[in-house]
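Colleague: Below you will find the structure I want to go over with you.
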Amino acid sequence: MLVRSGALQGYAQLVMELGENPVKLLHQVGLSPAQFRDPNTYISYPAAAALLELSAKICEQPCFGLLLASRQNSSVLGDIGLAIPQKATLREALNSINQYLFLHANGVQIKQQQDSESLQLKFNFRFDNNSGMEQLTQLSV
């Protein structure tokens, strides 16, 4: 299972702001800073999840995934993000994202469930990881 390294845009800067060494954390989960030079480089999705979990723990930031996501915009989705502003509704935008999500992340699917008052999104990660799923879900939302 793979994900574009661009999904972690802003990671190194955030970790440094929180007083830790991002290179050290990358190496601990088997990733390299070189893999983040081009946002279209694919990295292991389970390793990305483990990196987020480790970073949350080391940085003592239980909402690390949300904090990282708050600094990002739709460009983290690569070419998929370009289609979002073209859609008339949120449902159409989510359908478009889901249709081409495999170009950004192989190993996740978004399911929508709507009733008269709300829209619920369910992320289905097609891999098991001992850690990192909470942080990965925070980032994905």
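Ligands are numbered from 1 in the order shown, chains are lettered A, B, ... in the order of the structure tokens, and residues start at 1 in each chain.
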Could you find all residues in range 23-100 of chain A that DSSP calls alpha helix (DSSP H) from the backbone, and write them as a tab-separated table (two decimals) with N, CA, C and O atoms, in the first residue's frame?

Modeller:
chain	number	residue	atom	x	y	z
A	23	VAL	N	14.18	14.38	10.69
A	23	VAL	CA	15.01	13.39	9.99
A	23	VAL	C	15.17	12.15	10.87
A	23	VAL	O	15.06	11.01	10.39
A	24	LYS	N	15.40	12.36	12.13
A	24	LYS	CA	15.54	11.25	13.07
A	24	LYS	C	14.26	10.41	13.11
A	24	LYS	O	14.31	9.17	13.08
A	25	LEU	N	13.11	11.06	13.14
A	25	LEU	CA	11.84	10.35	13.18
A	25	LEU	C	11.58	9.59	11.88
A	25	LEU	O	11.10	8.45	11.90
A	26	LEU	N	11.91	10.20	10.74
A	26	LEU	CA	11.76	9.53	9.45
A	26	LEU	C	12.57	8.24	9.44
A	26	LEU	O	12.07	7.18	9.04
A	27	HIS	N	13.82	8.32	9.87
A	27	HIS	CA	14.69	7.15	9.86
A	27	HIS	C	14.16	6.05	10.78
A	27	HIS	O	14.32	4.86	10.49
A	28	GLN	N	13.54	6.42	11.88
A	28	GLN	CA	13.03	5.42	12.83
A	28	GLN	C	11.93	4.55	12.24
A	28	GLN	O	11.70	3.44	12.71
A	45	TYR	N	2.44	3.32	2.85
A	45	TYR	CA	1.34	3.88	3.62
A	45	TYR	C	1.44	3.48	5.10
A	45	TYR	O	1.30	4.31	5.98
A	46	PRO	N	1.73	2.20	5.39
A	46	PRO	CA	1.91	1.83	6.80
A	46	PRO	C	3.06	2.59	7.47
A	46	PRO	O	2.95	2.96	8.64
A	47	ALA	N	4.14	2.86	6.73
A	47	ALA	CA	5.26	3.62	7.31
A	47	ALA	C	4.83	5.07	7.58
A	47	ALA	O	5.21	5.66	8.60
A	48	ALA	N	4.02	5.64	6.69
A	48	ALA	CA	3.52	7.00	6.91
A	48	ALA	C	2.64	7.04	8.15
A	48	ALA	O	2.72	7.97	8.96
A	49	ALA	N	1.80	6.02	8.32
A	49	ALA	CA	0.94	5.95	9.51
A	49	ALA	C	1.79	5.82	10.77
A	49	ALA	O	1.54	6.50	11.77
A	50	ALA	N	2.82	4.98	10.72
A	50	ALA	CA	3.71	4.81	11.87
A	50	ALA	C	4.46	6.11	12.18
A	50	ALA	O	4.66	6.46	13.35
A	51	LEU	N	4.85	6.84	11.14
A	51	LEU	CA	5.55	8.12	11.32
A	51	LEU	C	4.66	9.12	12.05
A	51	LEU	O	5.11	9.81	12.97
A	52	LEU	N	3.41	9.19	11.66
A	52	LEU	CA	2.48	10.12	12.30
A	52	LEU	C	2.28	9.77	13.77
A	52	LEU	O	2.26	10.64	14.64
A	53	GLU	N	2.14	8.47	14.05
A	53	GLU	CA	1.95	8.04	15.43
A	53	GLU	C	3.20	8.32	16.27
A	53	GLU	O	3.10	8.84	17.39
A	54	LEU	N	4.37	8.00	15.75
A	54	LEU	CA	5.62	8.27	16.45
A	54	LEU	C	5.79	9.76	16.71
A	54	LEU	O	6.16	10.18	17.80
A	55	SER	N	5.48	10.56	15.71
A	55	SER	CA	5.62	12.01	15.84
A	55	SER	C	4.68	12.56	16.91
A	55	SER	O	5.07	13.43	17.69
A	56	ALA	N	3.46	12.06	16.95
A	56	ALA	CA	2.50	12.50	17.97
A	56	ALA	C	3.03	12.19	19.36
A	56	ALA	O	2.94	13.02	20.27
A	57	LYS	N	3.62	11.02	19.50
A	57	LYS	CA	4.15	10.60	20.80
A	57	LYS	C	5.38	11.43	21.18
A	57	LYS	O	5.44	12.00	22.28
A	58	ILE	N	6.36	11.51	20.28
A	58	ILE	CA	7.62	12.21	20.57
A	58	ILE	C	7.38	13.70	20.78
A	58	ILE	O	7.98	14.33	21.64
A	64	PHE	N	-1.63	15.46	16.53
A	64	PHE	CA	-0.60	15.78	15.54
A	64	PHE	C	-1.17	15.73	14.12
A	64	PHE	O	-0.93	16.63	13.31
A	65	GLY	N	-1.94	14.69	13.80
A	65	GLY	CA	-2.51	14.56	12.46
A	65	GLY	C	-3.42	15.73	12.10
A	65	GLY	O	-3.36	16.26	10.99
A	66	LEU	N	-4.25	16.16	13.05
A	66	LEU	CA	-5.13	17.31	12.81
A	66	LEU	C	-4.32	18.60	12.66
A	66	LEU	O	-4.64	19.45	11.82
A	67	LEU	N	-3.29	18.74	13.47
A	67	LEU	CA	-2.45	19.93	13.41
A	67	LEU	C	-1.76	20.02	12.05
A	67	LEU	O	-1.72	21.09	11.43
A	68	LEU	N	-1.24	18.89	11.57
A	68	LEU	CA	-0.61	18.88	10.25
A	68	LEU	C	-1.63	19.20	9.16
A	68	LEU	O	-1.38	20.02	8.28
A	69	ALA	N	-2.79	18.58	9.25
A	69	ALA	CA	-3.84	18.81	8.24
A	69	ALA	C	-4.29	20.26	8.20
A	69	ALA	O	-4.59	20.79	7.13
A	70	SER	N	-4.31	20.91	9.36
A	70	SER	CA	-4.76	22.31	9.41
A	70	SER	C	-3.82	23.24	8.66
A	70	SER	O	-4.21	24.36	8.31
A	79	ASP	N	-2.87	16.12	-8.39
A	79	ASP	CA	-3.80	16.45	-9.47
A	79	ASP	C	-5.26	16.27	-9.09
A	79	ASP	O	-6.14	16.94	-9.62
A	80	ILE	N	-5.54	15.39	-8.14
A	80	ILE	CA	-6.92	15.18	-7.70
A	80	ILE	C	-7.49	16.46	-7.10
A	80	ILE	O	-8.64	16.80	-7.29
A	81	GLY	N	-6.65	17.19	-6.39
A	81	GLY	CA	-7.08	18.43	-5.74
A	81	GLY	C	-7.50	19.51	-6.72
A	81	GLY	O	-8.28	20.40	-6.36
A	82	LEU	N	-7.01	19.43	-7.94
A	82	LEU	CA	-7.37	20.44	-8.95
A	82	LEU	C	-8.85	20.37	-9.33
A	82	LEU	O	-9.45	21.37	-9.71
A	83	ALA	N	-9.44	19.21	-9.23
A	83	ALA	CA	-10.84	19.03	-9.63
A	83	ALA	C	-11.83	19.50	-8.58
A	83	ALA	O	-12.98	19.79	-8.89
A	90	LEU	N	-20.42	19.46	-2.45
A	90	LEU	CA	-19.48	18.66	-1.67
A	90	LEU	C	-19.56	17.19	-2.08
A	90	LEU	O	-18.55	16.52	-2.22
A	91	ARG	N	-20.77	16.70	-2.29
A	91	ARG	CA	-20.94	15.30	-2.71
A	91	ARG	C	-20.21	15.03	-4.02
A	91	ARG	O	-19.52	14.02	-4.16
A	92	GLU	N	-20.35	15.92	-4.99
A	92	GLU	CA	-19.66	15.74	-6.28
A	92	GLU	C	-18.14	15.77	-6.09
A	92	GLU	O	-17.42	14.98	-6.71
A	93	ALA	N	-17.67	16.67	-5.24
A	93	ALA	CA	-16.23	16.76	-4.98
A	93	ALA	C	-15.72	15.48	-4.33
A	93	ALA	O	-14.67	14.94	-4.73
A	94	LEU	N	-16.45	14.96	-3.35
A	94	LEU	CA	-16.04	13.72	-2.68
A	94	LEU	C	-16.09	12.53	-3.63
A	94	LEU	O	-15.21	11.66	-3.59
A	95	ASN	N	-17.09	12.48	-4.49
A	95	ASN	CA	-17.17	11.41	-5.49
A	95	ASN	C	-15.98	11.46	-6.44
A	95	ASN	O	-15.40	10.43	-6.78
A	96	SER	N	-15.60	12.65	-6.84
A	96	SER	CA	-14.45	12.82	-7.73
A	96	SER	C	-13.16	12.37	-7.05
A	96	SER	O	-12.34	11.67	-7.63
A	97	ILE	N	-13.00	12.79	-5.79
A	97	ILE	CA	-11.81	12.40	-5.03
A	97	ILE	C	-11.76	10.88	-4.92
A	97	ILE	O	-10.73	10.26	-5.18
A	98	ASN	N	-12.86	10.27	-4.55
A	98	ASN	CA	-12.89	8.82	-4.35
A	98	ASN	C	-12.60	8.06	-5.64
A	98	ASN	O	-11.94	7.03	-5.63
A	99	GLN	N	-13.09	8.59	-6.75
A	99	GLN	CA	-12.88	7.93	-8.05
A	99	GLN	C	-11.40	7.85	-8.41
A	99	GLN	O	-10.95	6.87	-8.99
A	100	TYR	N	-10.64	8.88	-8.07
A	100	TYR	CA	-9.23	8.93	-8.46
A	100	TYR	C	-8.27	8.84	-7.27
A	100	TYR	O	-7.09	9.08	-7.41

Colleague: What's around Gln72 in chain A at 9 Å? Count only C-alpha atoms, leave out sequence neighbours fewer than 6 positions away in its own chain, and write the answer as an mmCIF file with C-alpha atoms, in the first residue's frame.

Modeller:
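Saved to around-v2.cif:
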data_model
loop_
_atom_site.group_PDB
_atom_site.id
_atom_site.type_symbol
_atom_site.label_atom_id
_atom_site.label_comp_id
_atom_site.auth_asym_id
_atom_site.auth_seq_id
_atom_site.Cartn_x
_atom_site.Cartn_y
_atom_site.Cartn_z
ATOM 1 C CA ALA A 7 0.273 13.862 1.706
ATOM 2 C CA LEU A 8 2.692 14.781 4.497
ATOM 3 C CA GLN A 9 3.357 18.274 3.173
ATOM 4 C CA GLY A 10 4.592 20.487 6.009
#

Colleague: Show which residues sit within 9 Å of range 115-127 of chain A, as JSON, numbers by chain. Count only C-alpha atoms, and ignore same-chain residues fewer than 6 positions away.

Modeller: {"A": [1, 45, 46, 91, 106, 107, 108, 109, 133, 137, 140, 141]}

Colleague: Using only C-alpha atoms, please write the residues we just selected to a file, as a CSV table (one decimal), in the first residue's frame.

Modeller:
chain,number,residue,atom,x,y,z
A,1,MET,CA,0.0,0.0,0.0
A,45,TYR,CA,1.3,3.9,3.6
A,46,PRO,CA,1.9,1.8,6.8
A,91,ARG,CA,-20.9,15.3,-2.7
A,106,ASN,CA,-3.4,3.1,-2.8
A,107,GLY,CA,-4.9,1.6,0.3
A,108,VAL,CA,-7.8,3.8,1.3
A,109,GLN,CA,-11.4,4.3,0.2
A,133,MET,CA,-4.3,4.7,12.4
A,137,THR,CA,-7.4,9.3,10.3
A,140,SER,CA,-7.2,12.3,6.3
A,141,VAL,CA,-10.2,14.1,7.6

Colleague: Name the residues of chain A that fall into strand (DSSP E or B) according to DSSP on the backbone, using the chain letters and numbers of this document, as a list of chain:residue names.

Modeller: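 Selecting the strand (DSSP E or B) positions of chain A gives A:Leu2, A:Val3, A:Arg4, A:Tyr42, A:Ile43, A:Ser44, A:Ala105, A:Asn106, A:Val108, A:Gln109, A:Ile110, A:Lys111, A:Gln112, A:Gln113, A:Gln114, A:Leu119, A:Gln120, A:Leu121, A:Lys122, A:Phe123, A:Asn124, A:Phe125.
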
Colleague: Could you please determine the separation between CA of Ala105 in chain A and CA of Leu136 in chain A in Å, to one decimal place?

Modeller: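 Value for the CA of Ala105 in chain A-CA of Leu136 in chain A distance: 12.1 Å.
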
Colleague: What gap, in Å, lies between CA of Asn40 in chain A and CA of Gly19 in chain A?

Modeller: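 Pair CA of Asn40 in chain A / CA of Gly19 in chain A returns 27.4 Å.
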
Colleague: May I ask which of the residues A:Val3, A:Ala88, A:Leu139, A:Val29 is the closest one to Tyr42 in chain A, counting only C-alpha atoms?

Modeller: A:Val3

Colleague: Report the distance between CA of Phe36 in chain A and CA of Arg4 in chain A in Å, rounded to one decimal place.

Modeller: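 Separating CA of Phe36 in chain A from CA of Arg4 in chain A is a distance of 9.0 Å.
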